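**Student:** Got a structure for you, protein.cif, holding mmCIF, N, CA and C atoms.
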```
data_upload
loop_
_atom_site.label_atom_id
_atom_site.label_comp_id
_atom_site.auth_asym_id
_atom_site.auth_seq_id
_atom_site.Cartn_x
_atom_site.Cartn_y
_atom_site.Cartn_z
N MET A 1 -4.30 13.63 -7.65
CA MET A 1 -3.00 12.98 -7.67
C MET A 1 -2.07 13.72 -6.71
N ILE A 2 -1.36 12.95 -5.95
CA ILE A 2 -0.40 13.51 -5.00
C ILE A 2 1.01 13.25 -5.51
N PRO A 3 1.82 14.29 -5.73
CA PRO A 3 3.21 14.05 -6.10
C PRO A 3 3.97 13.52 -4.88
N VAL A 4 4.74 12.46 -5.08
CA VAL A 4 5.46 11.82 -3.98
C VAL A 4 6.91 12.27 -3.96
N CYS A 5 7.63 11.95 -5.01
CA CYS A 5 9.04 12.32 -5.14
C CYS A 5 9.49 11.95 -6.54
N ARG A 6 10.73 12.29 -6.86
CA ARG A 6 11.30 11.86 -8.14
C ARG A 6 11.67 10.38 -8.02
N VAL A 7 11.63 9.68 -9.13
CA VAL A 7 11.95 8.25 -9.16
C VAL A 7 13.32 7.98 -8.55
N ASP A 8 14.31 8.81 -8.88
CA ASP A 8 15.66 8.58 -8.38
C ASP A 8 15.81 8.87 -6.89
N GLU A 9 14.79 9.43 -6.27
CA GLU A 9 14.83 9.69 -4.83
C GLU A 9 14.25 8.54 -4.01
N LEU A 10 13.74 7.50 -4.69
CA LEU A 10 13.20 6.33 -4.00
C LEU A 10 13.84 5.07 -4.58
N PRO A 11 15.03 4.71 -4.05
CA PRO A 11 15.76 3.56 -4.60
C PRO A 11 15.02 2.24 -4.37
N ALA A 12 15.37 1.24 -5.15
CA ALA A 12 14.79 -0.09 -5.00
C ALA A 12 14.98 -0.58 -3.56
N GLY A 13 13.92 -1.18 -3.01
CA GLY A 13 13.97 -1.71 -1.66
C GLY A 13 13.65 -0.69 -0.58
N GLU A 14 13.33 0.53 -0.98
CA GLU A 14 13.06 1.61 -0.02
C GLU A 14 11.59 2.02 -0.06
N SER A 15 11.19 2.79 0.94
CA SER A 15 9.83 3.30 1.01
C SER A 15 9.84 4.73 1.51
N ILE A 16 8.70 5.40 1.34
CA ILE A 16 8.55 6.76 1.80
C ILE A 16 7.12 6.91 2.32
N ARG A 17 6.96 7.74 3.33
CA ARG A 17 5.63 8.00 3.90
C ARG A 17 5.13 9.34 3.36
N VAL A 18 3.87 9.33 2.90
CA VAL A 18 3.25 10.52 2.33
C VAL A 18 2.01 10.84 3.14
N LEU A 19 1.83 12.11 3.45
CA LEU A 19 0.63 12.50 4.19
C LEU A 19 -0.49 12.81 3.22
N ALA A 20 -1.65 12.19 3.45
CA ALA A 20 -2.86 12.42 2.67
C ALA A 20 -4.02 12.37 3.66
N ASP A 21 -5.23 12.00 3.22
CA ASP A 21 -6.34 11.88 4.16
C ASP A 21 -5.98 10.87 5.26
N ALA A 22 -5.25 9.86 4.89
CA ALA A 22 -4.61 8.92 5.83
C ALA A 22 -3.19 8.76 5.30
N PRO A 23 -2.20 8.56 6.17
CA PRO A 23 -0.83 8.40 5.68
C PRO A 23 -0.73 7.24 4.69
N ILE A 24 0.10 7.41 3.68
CA ILE A 24 0.30 6.41 2.64
C ILE A 24 1.78 6.05 2.58
N ALA A 25 2.04 4.75 2.42
CA ALA A 25 3.41 4.27 2.23
C ALA A 25 3.60 3.94 0.76
N VAL A 26 4.66 4.47 0.17
CA VAL A 26 4.99 4.20 -1.22
C VAL A 26 6.29 3.41 -1.24
N PHE A 27 6.28 2.29 -1.96
CA PHE A 27 7.42 1.38 -1.99
C PHE A 27 7.97 1.24 -3.40
N ASN A 28 9.29 1.05 -3.49
CA ASN A 28 9.95 0.68 -4.74
C ASN A 28 10.39 -0.76 -4.57
N ALA A 29 9.60 -1.67 -5.15
CA ALA A 29 9.90 -3.10 -5.08
C ALA A 29 10.57 -3.50 -6.39
N ASP A 30 11.88 -3.40 -6.42
CA ASP A 30 12.67 -3.75 -7.61
C ASP A 30 12.19 -3.03 -8.86
N GLY A 31 11.93 -1.73 -8.74
CA GLY A 31 11.55 -0.93 -9.89
C GLY A 31 10.05 -0.80 -10.11
N GLU A 32 9.26 -1.56 -9.39
CA GLU A 32 7.80 -1.43 -9.44
C GLU A 32 7.37 -0.62 -8.22
N PHE A 33 6.50 0.35 -8.44
CA PHE A 33 6.07 1.21 -7.35
C PHE A 33 4.67 0.82 -6.89
N TYR A 34 4.51 0.73 -5.58
CA TYR A 34 3.24 0.36 -4.95
C TYR A 34 2.94 1.35 -3.84
N ALA A 35 1.64 1.56 -3.59
CA ALA A 35 1.24 2.45 -2.51
C ALA A 35 0.09 1.79 -1.74
N VAL A 36 0.20 1.82 -0.43
CA VAL A 36 -0.83 1.29 0.46
C VAL A 36 -1.00 2.25 1.63
N ASP A 37 -2.13 2.14 2.32
CA ASP A 37 -2.27 2.90 3.56
C ASP A 37 -1.09 2.52 4.45
N ASP A 38 -0.53 3.50 5.12
CA ASP A 38 0.70 3.28 5.89
C ASP A 38 0.48 2.57 7.22
N THR A 39 -0.74 2.50 7.69
CA THR A 39 -0.98 1.93 9.02
C THR A 39 -1.41 0.47 8.93
N CYS A 40 -0.70 -0.39 9.64
CA CYS A 40 -1.04 -1.81 9.71
C CYS A 40 -2.46 -1.95 10.24
N THR A 41 -3.22 -2.87 9.69
CA THR A 41 -4.60 -3.07 10.13
C THR A 41 -4.69 -3.88 11.42
N HIS A 42 -3.60 -4.43 11.88
CA HIS A 42 -3.60 -5.16 13.14
C HIS A 42 -3.43 -4.22 14.32
N GLN A 43 -2.46 -3.32 14.22
CA GLN A 43 -2.20 -2.33 15.27
C GLN A 43 -1.52 -1.13 14.63
N ASP A 44 -1.50 -0.03 15.34
CA ASP A 44 -0.92 1.19 14.78
C ASP A 44 0.59 1.09 14.63
N ALA A 45 1.01 0.64 13.46
CA ALA A 45 2.43 0.59 13.13
C ALA A 45 2.58 1.08 11.70
N SER A 46 3.63 1.81 11.44
CA SER A 46 3.88 2.37 10.12
C SER A 46 4.49 1.30 9.21
N LEU A 47 3.77 0.97 8.13
CA LEU A 47 4.29 -0.02 7.18
C LEU A 47 5.49 0.51 6.42
N SER A 48 5.61 1.84 6.29
CA SER A 48 6.78 2.39 5.60
C SER A 48 8.06 2.14 6.41
N ASP A 49 7.90 1.81 7.70
CA ASP A 49 9.05 1.42 8.53
C ASP A 49 9.28 -0.08 8.50
N GLY A 50 8.46 -0.79 7.72
CA GLY A 50 8.53 -2.25 7.66
C GLY A 50 9.67 -2.74 6.78
N PHE A 51 9.68 -4.05 6.59
CA PHE A 51 10.75 -4.72 5.85
C PHE A 51 10.19 -5.21 4.53
N LEU A 52 10.75 -4.75 3.43
CA LEU A 52 10.29 -5.08 2.09
C LEU A 52 10.97 -6.35 1.60
N GLU A 53 10.14 -7.31 1.15
CA GLU A 53 10.64 -8.55 0.55
C GLU A 53 9.86 -8.78 -0.74
N GLY A 54 10.49 -8.49 -1.86
CA GLY A 54 9.77 -8.57 -3.13
C GLY A 54 8.63 -7.57 -3.12
N CYS A 55 7.41 -8.04 -3.38
CA CYS A 55 6.26 -7.12 -3.31
C CYS A 55 5.43 -7.38 -2.07
N TYR A 56 6.10 -7.73 -0.99
CA TYR A 56 5.47 -7.91 0.31
C TYR A 56 6.17 -7.02 1.33
N VAL A 57 5.37 -6.48 2.26
CA VAL A 57 5.96 -5.70 3.34
C VAL A 57 5.61 -6.39 4.65
N GLU A 58 6.60 -6.46 5.52
CA GLU A 58 6.41 -7.04 6.85
C GLU A 58 6.27 -5.90 7.85
N CYS A 59 5.18 -5.92 8.60
CA CYS A 59 4.95 -4.90 9.62
C CYS A 59 6.07 -4.99 10.66
N PRO A 60 6.63 -3.85 11.04
CA PRO A 60 7.74 -3.87 12.00
C PRO A 60 7.32 -4.20 13.43
N LEU A 61 6.03 -4.19 13.71
CA LEU A 61 5.58 -4.39 15.08
C LEU A 61 5.34 -5.86 15.43
N HIS A 62 4.52 -6.55 14.63
CA HIS A 62 4.18 -7.94 14.95
C HIS A 62 4.37 -8.89 13.78
N ALA A 63 5.10 -8.48 12.76
CA ALA A 63 5.51 -9.33 11.64
C ALA A 63 4.38 -9.81 10.74
N ALA A 64 3.27 -9.08 10.67
CA ALA A 64 2.24 -9.40 9.68
C ALA A 64 2.80 -9.02 8.30
N PHE A 65 2.50 -9.84 7.29
CA PHE A 65 2.93 -9.55 5.92
C PHE A 65 1.72 -9.10 5.11
N PHE A 66 1.94 -8.12 4.23
CA PHE A 66 0.90 -7.64 3.32
C PHE A 66 1.44 -7.69 1.89
N ASP A 67 0.59 -8.14 0.97
CA ASP A 67 0.92 -8.12 -0.45
C ASP A 67 0.67 -6.71 -0.96
N LEU A 68 1.69 -6.05 -1.44
CA LEU A 68 1.57 -4.66 -1.88
C LEU A 68 0.70 -4.53 -3.12
N ARG A 69 0.54 -5.60 -3.89
CA ARG A 69 -0.28 -5.54 -5.10
C ARG A 69 -1.77 -5.52 -4.78
N THR A 70 -2.15 -6.20 -3.70
CA THR A 70 -3.58 -6.34 -3.37
C THR A 70 -3.95 -5.74 -2.02
N GLY A 71 -2.96 -5.55 -1.16
CA GLY A 71 -3.22 -5.08 0.20
C GLY A 71 -3.60 -6.19 1.15
N MET A 72 -3.75 -7.42 0.65
CA MET A 72 -4.19 -8.54 1.48
C MET A 72 -3.09 -9.01 2.42
N PRO A 73 -3.47 -9.30 3.68
CA PRO A 73 -2.49 -9.87 4.60
C PRO A 73 -2.23 -11.33 4.20
N THR A 74 -1.01 -11.78 4.41
CA THR A 74 -0.68 -13.16 4.04
C THR A 74 -0.51 -14.04 5.27
N CYS A 75 -0.54 -13.44 6.46
CA CYS A 75 -0.40 -14.22 7.69
C CYS A 75 -0.94 -13.42 8.87
N LEU A 76 -1.16 -14.13 9.96
CA LEU A 76 -1.58 -13.48 11.20
C LEU A 76 -0.40 -12.71 11.78
N PRO A 77 -0.63 -11.70 12.58
CA PRO A 77 -1.87 -11.39 13.25
C PRO A 77 -2.83 -10.51 12.46
N ALA A 78 -2.43 -9.97 11.32
CA ALA A 78 -3.33 -9.12 10.54
C ALA A 78 -4.39 -9.99 9.86
N LYS A 79 -5.62 -9.51 9.87
CA LYS A 79 -6.72 -10.22 9.22
C LYS A 79 -7.39 -9.38 8.14
N ARG A 80 -7.28 -8.07 8.25
CA ARG A 80 -7.92 -7.16 7.29
C ARG A 80 -6.87 -6.59 6.34
N PRO A 81 -7.25 -6.37 5.06
CA PRO A 81 -6.31 -5.80 4.10
C PRO A 81 -6.09 -4.31 4.35
N VAL A 82 -4.98 -3.81 3.83
CA VAL A 82 -4.75 -2.37 3.80
C VAL A 82 -5.24 -1.87 2.44
N ARG A 83 -5.68 -0.65 2.40
CA ARG A 83 -6.18 -0.04 1.16
C ARG A 83 -4.99 0.19 0.23
N THR A 84 -5.14 -0.16 -1.02
CA THR A 84 -4.10 0.08 -2.03
C THR A 84 -4.46 1.32 -2.83
N HIS A 85 -3.44 1.93 -3.44
CA HIS A 85 -3.62 3.15 -4.21
C HIS A 85 -2.90 3.01 -5.54
N HIS A 86 -3.46 3.62 -6.57
CA HIS A 86 -2.86 3.60 -7.90
C HIS A 86 -1.61 4.49 -7.91
N VAL A 87 -0.53 3.97 -8.48
CA VAL A 87 0.72 4.73 -8.61
C VAL A 87 1.01 4.93 -10.09
N MET A 88 1.45 6.11 -10.41
CA MET A 88 1.84 6.39 -11.79
C MET A 88 3.12 7.22 -11.79
N VAL A 89 3.90 7.05 -12.83
CA VAL A 89 5.14 7.82 -13.00
C VAL A 89 5.00 8.65 -14.26
N ALA A 90 5.24 9.95 -14.13
CA ALA A 90 5.20 10.85 -15.28
C ALA A 90 6.35 11.84 -15.17
N ASP A 91 7.11 11.94 -16.24
CA ASP A 91 8.25 12.87 -16.28
C ASP A 91 9.20 12.67 -15.11
N GLY A 92 9.41 11.41 -14.74
CA GLY A 92 10.36 11.09 -13.68
C GLY A 92 9.85 11.33 -12.27
N VAL A 93 8.55 11.65 -12.12
CA VAL A 93 7.97 11.90 -10.80
C VAL A 93 6.95 10.81 -10.49
N ILE A 94 6.97 10.33 -9.25
CA ILE A 94 6.00 9.33 -8.79
C ILE A 94 4.78 10.05 -8.24
N TYR A 95 3.59 9.62 -8.68
CA TYR A 95 2.33 10.19 -8.21
C TYR A 95 1.46 9.08 -7.64
N VAL A 96 0.68 9.42 -6.64
CA VAL A 96 -0.28 8.47 -6.06
C VAL A 96 -1.68 9.06 -6.22
N HIS A 97 -2.58 8.22 -6.72
CA HIS A 97 -3.99 8.58 -6.77
C HIS A 97 -4.66 7.87 -5.61
N VAL A 98 -5.10 8.63 -4.62
CA VAL A 98 -5.66 8.04 -3.40
C VAL A 98 -6.99 7.38 -3.70
N ALA A 99 -7.10 6.10 -3.33
CA ALA A 99 -8.32 5.34 -3.54
C ALA A 99 -9.36 5.74 -2.50
N THR A 100 -10.59 5.78 -2.94
CA THR A 100 -11.67 6.01 -1.98
C THR A 100 -11.93 4.71 -1.24
N GLN A 101 -12.55 4.81 -0.09
CA GLN A 101 -12.88 3.60 0.66
C GLN A 101 -13.82 2.72 -0.16
N HIS A 102 -14.75 3.33 -0.92
CA HIS A 102 -15.70 2.58 -1.74
C HIS A 102 -14.96 1.74 -2.78
N ARG A 103 -13.99 2.34 -3.47
CA ARG A 103 -13.25 1.60 -4.49
C ARG A 103 -12.46 0.46 -3.86
N ALA A 104 -11.91 0.70 -2.68
CA ALA A 104 -11.15 -0.36 -2.00
C ALA A 104 -12.06 -1.54 -1.69
N LEU A 105 -13.28 -1.28 -1.28
CA LEU A 105 -14.23 -2.36 -0.99
C LEU A 105 -14.62 -3.09 -2.27
N GLN A 106 -14.80 -2.37 -3.37
CA GLN A 106 -15.12 -3.01 -4.65
C GLN A 106 -13.98 -3.93 -5.09
N ASP A 107 -12.74 -3.44 -4.97
CA ASP A 107 -11.58 -4.25 -5.35
C ASP A 107 -11.51 -5.52 -4.53
N LEU A 108 -11.75 -5.41 -3.23
CA LEU A 108 -11.72 -6.56 -2.35
C LEU A 108 -12.82 -7.55 -2.73
N ALA A 109 -14.02 -7.05 -3.00
CA ALA A 109 -15.13 -7.93 -3.39
C ALA A 109 -14.82 -8.66 -4.69
N ARG A 110 -14.21 -7.97 -5.66
CA ARG A 110 -13.84 -8.60 -6.92
C ARG A 110 -12.84 -9.73 -6.69
N GLU A 111 -11.88 -9.51 -5.81
CA GLU A 111 -10.89 -10.54 -5.52
C GLU A 111 -11.53 -11.75 -4.88
N GLN A 112 -12.59 -11.53 -4.12
CA GLN A 112 -13.25 -12.62 -3.41
C GLN A 112 -14.36 -13.25 -4.24
N GLY A 113 -14.49 -12.83 -5.51
CA GLY A 113 -15.39 -13.51 -6.42
C GLY A 113 -16.75 -12.88 -6.62
N GLY A 114 -16.91 -11.61 -6.34
CA GLY A 114 -18.21 -10.97 -6.57
C GLY A 114 -18.24 -9.59 -5.96
N GLU A 115 -19.36 -8.91 -6.18
CA GLU A 115 -19.49 -7.56 -5.64
C GLU A 115 -20.69 -7.48 -4.72
N GLU A 116 -21.12 -8.60 -4.16
CA GLU A 116 -22.26 -8.58 -3.26
C GLU A 116 -21.96 -7.72 -2.05
N GLY A 117 -22.94 -6.96 -1.64
CA GLY A 117 -22.81 -6.15 -0.43
C GLY A 117 -22.02 -4.87 -0.61
N VAL A 118 -21.61 -4.58 -1.82
CA VAL A 118 -20.86 -3.35 -2.07
C VAL A 118 -21.80 -2.37 -2.75
N ALA A 119 -22.04 -1.26 -2.09
CA ALA A 119 -22.97 -0.26 -2.64
C ALA A 119 -22.25 0.73 -3.51
#
```
Mind turning this structure into structure tokens?
**Tutor:**
Amino acid sequence: MIPVCRVDELPAGESIRVLADAPIAVFNADGEFYAVDDTCTHQDASLSDGFLEGCYVECPLHAAFFDLRTGMPTCLPAKRPVRTHHVMVADGVIYVHVATQHRALQDLAREQGGEEGVA
């Protein structure tokens, strides 16, 4: 688990970038906290610099939207999802549990109706 910040240090509608094995963007979407890989899958742009609308983030470079709950892109030019990470709050501190690439693939397969091809 990676400590991110205190809850009161990340106001609603804001985000923060956290360094891990890959940079992670943590968002406060109206009191719900979400974490995704910080780099847009279309091109190298920081999603933490993007525009938050509900539980969607718009990439600041080419306006691709990603659902923060699933990591799935909702429009072009992005075609691949961003990896999502589990967020938890304990004693007023936000923590991120970094997802492995394997778990991210399993989650994606489940959303698409099966786990075929996931080892």
**Student:** Run through the PyMOL selection byres (((chain A and resi 16 and name CA) around 6) and name CA) on the given coordinates and return the selected residues as JSON, numbers by chain.
**Tutor:** {"A": [15, 17, 25, 26]}
**Student:** May I have the residues within 8 Å of A:Ala22 as a VMD selection string, using only N, CA and C atoms and disregarding those fewer than 5 positions away in the same chain?
**Tutor:** chain A and resid 36 to 39
**Student:** Write out as number ranges by chain the set of residues from chain A that DSSP, computed on the backbone, places in strand (DSSP E).
**Tutor:** A: 2-6, 15-18, 24-29, 32-37, 51-53, 56-58, 65-67, 84-90, 93-97
**Student:** Box in all listed atoms of stretch 73-91 of chain A, axis-aligned, with 4 Å more on each side; write out centre and edge lengths in Å to one decimal as lines of an AutoDock Vina configuration file.
**Tutor:**
```
center_x = 0.6
center_y = -0.7
center_z = -1.5
size_x = 25.1
size_y = 35.1
size_z = 37.5
```
**Student:** Starting from the displayed file, determine the output of the PyMOL selection byres (((chain A and resi 10 and name CA) around 10) and name CA) and express the residue list as a VMD selection string.
**Tutor:** chain A and resid 4 to 9 11 to 16 26 to 28 31 33 94
**Student:** For A:Thr84, which residue out of A:Leu61, A:Ile24, A:Met1, A:Ala35 is the nearest one, using all atoms listed in the file?
**Tutor:**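 Result for the nearest residue to A:Thr84: A:Ala35.
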**Student:** List as a PyMOL selection string the protein and nucleic acid residues near A:His62, meaning an atom at most 10 Å away when only C-alpha atoms are counted, but skip any in the same chain fewer than 5 places from it.
**Tutor:** chain A and resi 40+42-43+45+76-78
**Student:** What is the distance between atom CA of A:Thr70 and atom CA of A:Glu32, in Å to one decimal?
**Tutor:** 13.8 Å
**Student:** Can you list, as a list in words, the residues that the PyMOL selection byres (((chain A and resi 51 and name CA) around 10) and name CA) selects here?
**Tutor:**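 That expression, the PyMOL selection byres (((chain A and resi 51 and name CA) around 10) and name CA), corresponds here to Gly13, Glu14, Ser15, Leu47, Ser48, Asp49, Gly50, Leu52, Glu53, Gly54, Tyr56, Val57, Glu58, Cys59, Pro60, Ala63 and Phe65 of chain A.
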**Student:** Atom CA of A:Arg80 to atom C of A:Thr41: how many Å, to one decimal?
**Tutor:** 6.2 Å
**Student:** To one decimal place, how far is atom N of A:Asp21 from atom N of A:Thr74 in Å?
**Tutor:** 24.2 Å
**Student:** Considering only N, CA and C atoms, state which residue in the set A:Ala90, A:Pro81, A:Tyr34, A:Pro3 is at the smallest distance from A:Leu68.
**Tutor:**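 Closest candidate: A:Tyr34.
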**Student:** Which parts of stretch 9-113 of chain A does DSSP call alpha helix (DSSP H) when run on the backbone here, written out as a VMD selection string?
**Tutor:** chain A and resid 101 to 111
